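*Asks:* My questions will all concern the structure given below.
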Amino acid sequence: MKLLEAVSLNKKYGMKRGWFTSEARSVQAVNDVSFSLESGETLGLVGESGCGKSTLARLLLGLEKPSSGRVLYRNMDYTDWSFSEMRQIRSRMQMVFQNSLASFNPLFTVEQIIGEPLRNYGERKAGARRILVADTLELVGLEQKHIHSYPHELSGGQQQRVGIARAIALRPELIICDEPFSSLDVTLRKQMMDLLQALKRELGLSYVFITHDLSVVNRFCDSVAVMVQGEIVEKQSGEGLMQQADHPYTRKLLSSIPVQDPRLRRKDREKEYRE
Ligand SMILES: Nc1ncnc2c1ncn2[C@@H]1O[C@H](COP(=O)(O)OP(=O)(O)OP(=O)(O)O)[C@@H](O)[C@H]1O
Ligand SMILES: [Mg+2]
């Protein structure tokens with residue numbers, strides 16, 4: 001069953017004439033992007049800074065409207081839905097941000113942050129909310145004592161866990177993660193990827209996982225789309241991409257992944273010189 005579908009999505013931003021530019025210009029942030037995501041799948045979206053990943057995420061979440069093209073959720077075309085109409089699917093489609101701290105209300109405790117989507121989407125009884133928040137906290141590996149903490153009292157890893165907890169509080173079907181762990185160190189990043197994987201199994205989630213780190217995607221994603229200047233230039237399985245990348249940009253991305261064994265690294269470099 002197709003969970004999410006993008007059909008020829010385009011997003012063009014107009015740039016006004018400024019002090020240093022004599023002409024009005026425009027940026028094609030997303031250029032004719034089409035893909036579909038099956039229920040239970042993880043799609044990786046990889047590309048360099050400015051290639052349009054976050055813009056695409058906003059279009060998929062209905063936070064911005066495309067200049068042209070369609071977005072469909074379970075075959076429902078929600079491209080032209082208003083903010084209030086989007087409520088029908090917003091509880092099923094959530095997001096994890098790169099910097100969770102910036103997306104939290106600093107005056108809210110962890111309990112209020114995780115409980116907010118529950119309150120917004122109909123769980124009026126405080127007692128029932130408290131139980132759901134406690135369950136969710138456990139699912140993301142946070143201790144119950146953190147329930148009364150404020151976000152700034154938590155470590156970066158704990159803050160990202162709260163971000164994930166808020167995203168899963170409503171038990172959605174799909175989570176769009178926009179570079180969720182790029183500010184964390186390698187060990188923590190691995191732990192968080194394992195957490196997402198476990199949640200996928202436990203809650204039957206699907207993910208669109210945005211990253212510029214190709215090394216994480218082959219283990220985690222069923223398929224990977226590579227974006228260059230707003231366009232998807234290549235899409236194949238994570239394994240396939242590691243073994244046989246077709247687009248020169250993907251090969252460049254692959255060659256920039258650090259290799260742990262220095263002998264392998266030398267071999268790679270020699271091969272590059274020969275080519
Ligand atoms: N609201 C906006 N108005 C004008 N231009 C925008 C707007 N949002 C994004 N852009 C432009 O669209 C292009 C794509 O931006 P976007 O943030 O989607 O890239 P990205 O791939 O997410 O980059 P990063 O990896 O750095 O987060 C950029 O050239 C950016 O300047
Ligand atoms: Mg971005």
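Chain lettering (A, B, ...) mirrors the order of the structure tokens, residue numbering begins at 1 for each chain separately, and ligand numbering begins at 1 in order of display.
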Let's see if you can do this: from backbone DSSP, list all strand (DSSP E) residues in region 73-130 of chain A, as a ChimeraX atom specification.

*Replies:* /A:73,76-77,93-96

*Asks:* Quick check for you: according to DSSP on this backbone, which residues of region 11-221 of chain A are classed as alpha helix (DSSP H)? Reply as a PyMOL selection string.

*Replies:* chain A and resi 53-60+87-90+100-103+110-120+126-139+156-168+186-203+214-220

*Asks:* Excluding same-chain residues fewer than 3 positions from Ile210 (chain A), what lies within 12 Å of it counting only C-alpha atoms, as a CSV table (one decimal) with all heavy atoms, in the first residue's frame?

*Replies:*
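out-v8.csv, freshly written:
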```
chain,number,residue,atom,x,y,z
A,42,THR,N,11.5,2.6,4.7
A,42,THR,CA,12.3,3.8,5.0
A,42,THR,C,13.0,4.4,3.7
A,42,THR,O,13.7,3.6,3.1
A,42,THR,CB,13.4,3.5,6.1
A,42,THR,OG1,12.7,3.0,7.2
A,42,THR,CG2,14.2,4.7,6.4
A,43,LEU,N,12.7,5.6,3.4
A,43,LEU,CA,13.3,6.2,2.3
A,43,LEU,C,14.4,7.2,2.8
A,43,LEU,O,14.0,8.1,3.6
A,43,LEU,CB,12.3,7.0,1.4
A,43,LEU,CG,12.8,7.9,0.3
A,43,LEU,CD1,13.5,7.1,-0.8
A,43,LEU,CD2,11.8,8.8,-0.3
A,44,GLY,N,15.6,7.1,2.3
A,44,GLY,CA,16.7,8.0,2.6
A,44,GLY,C,16.7,9.1,1.6
A,44,GLY,O,16.6,8.8,0.4
A,45,LEU,N,16.9,10.4,2.0
A,45,LEU,CA,17.0,11.5,1.0
A,45,LEU,C,18.3,12.2,1.3
A,45,LEU,O,18.5,12.7,2.4
A,45,LEU,CB,15.8,12.4,1.3
A,45,LEU,CG,15.4,13.4,0.2
A,45,LEU,CD1,15.0,12.7,-1.0
A,45,LEU,CD2,14.3,14.2,0.8
A,46,VAL,N,19.3,12.0,0.4
A,46,VAL,CA,20.6,12.5,0.6
A,46,VAL,C,21.0,13.6,-0.4
A,46,VAL,O,20.6,13.5,-1.5
A,46,VAL,CB,21.6,11.3,0.4
A,46,VAL,CG1,23.0,11.7,0.9
A,46,VAL,CG2,21.1,10.1,1.1
A,47,GLY,N,21.7,14.6,0.1
A,47,GLY,CA,22.2,15.6,-0.8
A,47,GLY,C,22.9,16.7,0.0
A,47,GLY,O,22.8,16.8,1.2
A,48,GLU,N,23.7,17.5,-0.8
A,48,GLU,CA,24.5,18.5,-0.1
A,48,GLU,C,23.6,19.7,0.4
A,48,GLU,O,22.4,19.8,0.0
A,48,GLU,CB,25.6,19.0,-1.0
A,48,GLU,CG,25.0,19.8,-2.3
A,48,GLU,CD,26.1,20.0,-3.3
A,48,GLU,OE1,27.3,19.7,-3.1
A,48,GLU,OE2,25.7,20.4,-4.4
A,49,SER,N,24.2,20.6,1.2
A,49,SER,CA,23.5,21.7,1.7
A,49,SER,C,22.9,22.6,0.6
A,49,SER,O,23.6,22.9,-0.3
A,49,SER,CB,24.5,22.5,2.6
A,49,SER,OG,23.8,23.6,3.2
A,51,CYS,N,20.4,21.8,-1.4
A,51,CYS,CA,19.9,21.1,-2.6
A,51,CYS,C,18.4,21.0,-2.6
A,51,CYS,O,17.7,20.5,-3.5
A,51,CYS,CB,20.5,19.7,-2.8
A,51,CYS,SG,20.0,18.5,-1.6
A,52,GLY,N,17.7,21.4,-1.4
A,52,GLY,CA,16.3,21.4,-1.4
A,52,GLY,C,15.6,20.3,-0.5
A,52,GLY,O,14.4,20.1,-0.6
A,53,LYS,N,16.4,19.7,0.3
A,53,LYS,CA,15.9,18.6,1.2
A,53,LYS,C,14.8,19.1,2.1
A,53,LYS,O,13.7,18.5,2.2
A,53,LYS,CB,17.0,17.9,2.0
A,53,LYS,CG,18.1,17.4,1.1
A,53,LYS,CD,19.2,16.7,1.9
A,53,LYS,CE,19.9,17.6,2.9
A,53,LYS,NZ,20.7,18.7,2.3
A,54,SER,N,15.1,20.2,2.9
A,54,SER,CA,14.1,20.6,3.9
A,54,SER,C,12.9,21.2,3.2
A,54,SER,O,11.8,21.1,3.7
A,54,SER,CB,14.7,21.7,4.7
A,54,SER,OG,15.8,21.2,5.5
A,55,THR,N,13.1,21.8,2.0
A,55,THR,CA,11.9,22.4,1.3
A,55,THR,C,11.0,21.2,0.9
A,55,THR,O,9.8,21.3,1.1
A,55,THR,CB,12.4,23.1,0.0
A,55,THR,OG1,13.4,24.1,0.4
A,55,THR,CG2,11.3,23.8,-0.7
A,56,LEU,N,11.6,20.1,0.4
A,56,LEU,CA,10.8,18.9,0.0
A,56,LEU,C,10.1,18.4,1.3
A,56,LEU,O,8.9,18.1,1.2
A,56,LEU,CB,11.7,17.9,-0.6
A,56,LEU,CG,11.1,16.6,-1.0
A,56,LEU,CD1,9.9,16.8,-2.0
A,56,LEU,CD2,12.1,15.6,-1.6
A,57,ALA,N,10.8,18.4,2.4
A,57,ALA,CA,10.1,17.9,3.7
A,57,ALA,C,8.9,18.8,4.0
A,57,ALA,O,7.8,18.2,4.3
A,57,ALA,CB,11.1,17.9,4.8
A,58,ARG,N,9.1,20.1,3.9
A,58,ARG,CA,7.9,21.0,4.2
A,58,ARG,C,6.8,20.8,3.2
A,58,ARG,O,5.6,20.8,3.6
A,58,ARG,CB,8.4,22.5,4.1
A,58,ARG,CG,9.3,22.8,5.3
A,58,ARG,CD,9.4,24.3,5.4
A,58,ARG,NE,10.1,25.0,4.3
A,58,ARG,CZ,11.4,25.1,4.1
A,58,ARG,NH1,12.2,24.6,5.0
A,58,ARG,NH2,11.9,25.7,3.0
A,95,MET,N,7.1,14.9,12.5
A,95,MET,CA,8.4,15.3,12.0
A,95,MET,C,9.4,15.3,13.2
A,95,MET,O,9.0,15.7,14.3
A,95,MET,CB,8.3,16.7,11.4
A,95,MET,CG,9.6,17.3,11.0
A,95,MET,SD,9.4,18.3,9.5
A,95,MET,CE,11.1,18.4,9.0
A,96,VAL,N,10.7,15.0,12.9
A,96,VAL,CA,11.7,15.2,13.9
A,96,VAL,C,12.7,16.2,13.3
A,96,VAL,O,13.2,16.0,12.2
A,96,VAL,CB,12.5,13.9,14.3
A,96,VAL,CG1,13.6,14.1,15.2
A,96,VAL,CG2,11.5,12.9,14.8
A,97,PHE,N,13.1,17.2,14.0
A,97,PHE,CA,13.9,18.3,13.5
A,97,PHE,C,15.4,18.0,13.8
A,97,PHE,O,15.7,17.3,14.8
A,97,PHE,CB,13.5,19.6,14.1
A,97,PHE,CG,12.1,20.0,13.7
A,97,PHE,CD1,11.0,19.7,14.6
A,97,PHE,CD2,11.8,20.7,12.6
A,97,PHE,CE1,9.7,20.0,14.3
A,97,PHE,CE2,10.5,21.0,12.3
A,97,PHE,CZ,9.5,20.7,13.1
A,98,GLN,N,16.2,18.8,13.1
A,98,GLN,CA,17.7,18.7,13.4
A,98,GLN,C,18.0,19.2,14.8
A,98,GLN,O,18.7,18.6,15.5
A,98,GLN,CB,18.4,19.5,12.3
A,98,GLN,CG,19.9,19.6,12.6
A,98,GLN,CD,20.7,20.3,11.5
A,98,GLN,OE1,20.1,20.8,10.6
A,98,GLN,NE2,22.0,20.3,11.6
A,175,ILE,N,7.1,9.2,9.9
A,175,ILE,CA,7.9,10.3,10.5
A,175,ILE,C,8.9,10.8,9.5
A,175,ILE,O,9.6,10.0,8.8
A,175,ILE,CB,8.6,9.8,11.8
A,175,ILE,CG1,7.6,9.4,12.8
A,175,ILE,CG2,9.4,11.0,12.3
A,175,ILE,CD1,8.1,9.1,14.2
A,176,ILE,N,8.9,12.1,9.3
A,176,ILE,CA,9.9,12.7,8.4
A,176,ILE,C,11.0,13.3,9.3
A,176,ILE,O,10.7,14.1,10.1
A,176,ILE,CB,9.2,13.8,7.5
A,176,ILE,CG1,8.2,13.1,6.6
A,176,ILE,CG2,10.2,14.5,6.7
A,176,ILE,CD1,7.4,13.9,5.7
A,177,CYS,N,12.2,12.8,9.1
A,177,CYS,CA,13.3,13.2,10.0
A,177,CYS,C,14.2,14.1,9.1
A,177,CYS,O,14.8,13.6,8.1
A,177,CYS,CB,14.1,12.0,10.5
A,177,CYS,SG,13.1,10.7,11.3
A,178,ASP,N,14.4,15.3,9.5
A,178,ASP,CA,15.3,16.2,8.8
A,178,ASP,C,16.6,16.4,9.5
A,178,ASP,O,16.7,17.1,10.4
A,178,ASP,CB,14.6,17.6,8.6
A,178,ASP,CG,15.3,18.5,7.6
A,178,ASP,OD1,16.4,18.0,7.1
A,178,ASP,OD2,14.9,19.6,7.3
A,179,GLU,N,17.6,15.6,9.0
A,179,GLU,CA,18.9,15.6,9.6
A,179,GLU,C,18.8,15.6,11.2
A,179,GLU,O,19.4,16.4,11.9
A,179,GLU,CB,19.7,16.8,9.2
A,179,GLU,CG,19.7,17.0,7.7
A,179,GLU,CD,21.0,17.6,7.1
A,179,GLU,OE1,22.0,17.2,7.6
A,179,GLU,OE2,20.9,18.3,6.2
A,180,PRO,N,18.2,14.5,11.7
A,180,PRO,CA,17.8,14.6,13.1
A,180,PRO,C,19.0,14.4,14.1
A,180,PRO,O,19.0,14.9,15.2
A,180,PRO,CB,16.9,13.4,13.3
A,180,PRO,CG,17.2,12.4,12.2
A,180,PRO,CD,17.7,13.3,11.1
A,181,PHE,N,20.1,13.8,13.6
A,181,PHE,CA,21.2,13.6,14.5
A,181,PHE,C,22.5,14.2,14.1
A,181,PHE,O,23.6,13.8,14.5
A,181,PHE,CB,21.4,12.0,14.7
A,181,PHE,CG,20.1,11.3,14.9
A,181,PHE,CD1,19.8,10.1,14.2
A,181,PHE,CD2,19.2,11.8,15.9
A,181,PHE,CE1,18.6,9.5,14.5
A,181,PHE,CE2,18.0,11.1,16.1
A,181,PHE,CZ,17.7,10.0,15.4
A,182,SER,N,22.5,15.1,13.1
A,182,SER,CA,23.8,15.6,12.6
A,182,SER,C,24.5,16.4,13.6
A,182,SER,O,25.7,16.7,13.5
A,182,SER,CB,23.5,16.4,11.3
A,182,SER,OG,22.6,17.4,11.5
A,207,TYR,N,9.6,5.8,7.5
A,207,TYR,CA,10.3,7.0,7.6
A,207,TYR,C,10.7,7.6,6.3
A,207,TYR,O,11.0,6.9,5.4
A,207,TYR,CB,11.7,6.8,8.4
A,207,TYR,CG,11.6,6.3,9.8
A,207,TYR,CD1,11.9,5.0,10.2
A,207,TYR,CD2,11.2,7.2,10.8
A,207,TYR,CE1,11.9,4.6,11.5
A,207,TYR,CE2,11.2,6.8,12.1
A,207,TYR,CZ,11.5,5.5,12.5
A,207,TYR,OH,11.5,5.1,13.8
A,213,ASP,N,24.7,12.4,5.3
A,213,ASP,CA,25.7,11.4,5.7
A,213,ASP,C,25.3,10.1,5.1
A,213,ASP,O,24.5,9.3,5.6
A,213,ASP,CB,25.7,11.3,7.2
A,213,ASP,CG,26.7,10.3,7.7
A,213,ASP,OD1,27.4,9.7,6.9
A,213,ASP,OD2,26.8,10.2,9.0
A,214,LEU,N,25.9,9.8,3.9
A,214,LEU,CA,25.6,8.6,3.2
A,214,LEU,C,25.9,7.3,4.0
A,214,LEU,O,25.3,6.3,3.7
A,214,LEU,CB,26.4,8.6,1.9
A,214,LEU,CG,25.5,8.7,0.6
A,214,LEU,CD1,26.4,8.6,-0.6
A,214,LEU,CD2,24.4,7.7,0.5
A,216,VAL,N,25.2,6.4,6.8
A,216,VAL,CA,24.1,5.8,7.7
A,216,VAL,C,23.0,5.1,6.9
A,216,VAL,O,22.3,4.3,7.4
A,216,VAL,CB,23.4,6.9,8.6
A,216,VAL,CG1,24.4,7.4,9.6
A,216,VAL,CG2,22.7,7.9,7.9
A,217,VAL,N,22.9,5.6,5.6
A,217,VAL,CA,21.6,5.2,4.9
A,217,VAL,C,21.6,3.7,4.5
A,217,VAL,O,20.5,3.2,4.4
A,217,VAL,CB,21.4,6.1,3.7
A,217,VAL,CG1,21.1,7.5,4.2
A,217,VAL,CG2,22.5,6.0,2.7
A,220,PHE,N,20.2,1.6,7.2
A,220,PHE,CA,18.9,2.0,7.8
A,220,PHE,C,17.8,2.1,6.7
A,220,PHE,O,16.6,1.9,7.1
A,220,PHE,CB,19.1,3.4,8.4
A,220,PHE,CG,18.0,3.9,9.2
A,220,PHE,CD1,17.5,3.2,10.3
A,220,PHE,CD2,17.4,5.1,8.8
A,220,PHE,CE1,16.4,3.7,11.0
A,220,PHE,CE2,16.3,5.6,9.5
A,220,PHE,CZ,15.8,4.9,10.6
A,221,CYS,N,18.1,2.4,5.5
A,221,CYS,CA,17.1,2.7,4.5
A,221,CYS,C,16.8,1.6,3.5
A,221,CYS,O,17.8,1.0,3.1
A,221,CYS,CB,17.4,4.0,3.7
A,221,CYS,SG,17.6,5.4,4.8
A,224,VAL,N,17.3,4.8,-1.3
A,224,VAL,CA,17.9,6.1,-1.1
A,224,VAL,C,17.7,6.9,-2.3
A,224,VAL,O,18.0,6.4,-3.4
A,224,VAL,CB,19.4,5.9,-0.8
A,224,VAL,CG1,20.0,7.2,-0.5
A,224,VAL,CG2,19.6,5.0,0.4
A,225,ALA,N,17.3,8.1,-2.2
A,225,ALA,CA,17.2,9.1,-3.3
A,225,ALA,C,18.3,10.1,-3.1
A,225,ALA,O,18.4,10.6,-2.0
A,225,ALA,CB,15.8,9.7,-3.3
A,226,VAL,N,19.0,10.4,-4.2
A,226,VAL,CA,20.1,11.4,-4.1
A,226,VAL,C,19.6,12.7,-4.8
A,226,VAL,O,19.1,12.6,-5.9
A,226,VAL,CB,21.4,10.9,-4.8
A,226,VAL,CG1,22.5,11.9,-4.7
A,226,VAL,CG2,21.8,9.6,-4.1
A,227,MET,N,19.7,13.8,-4.1
A,227,MET,CA,19.2,15.1,-4.6
A,227,MET,C,20.4,16.0,-5.0
A,227,MET,O,21.3,16.1,-4.2
A,227,MET,CB,18.4,15.8,-3.5
A,227,MET,CG,16.9,15.7,-3.8
A,227,MET,SD,16.0,16.6,-2.5
A,227,MET,CE,15.3,17.9,-3.5
```

*Asks:* So how many Å separate CA of Arg171 (chain A) and CA of Glu123 (chain A), to one decimal?

*Replies:*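 Taking CA of Arg171 (chain A) and CA of Glu123 (chain A), their separation equals 12.9 Å.
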
*Asks:* Give the answer as one residue: which of A:Gly240, A:Arg201, A:Glu143, A:Phe209 has the shortest atom-to-atom distance to ligand 2, using only C-alpha atoms and all ligand atoms?

*Replies:*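 Comparing A:Gly240, A:Arg201, A:Glu143, A:Phe209 against ligand 2, the winner is A:Phe209.
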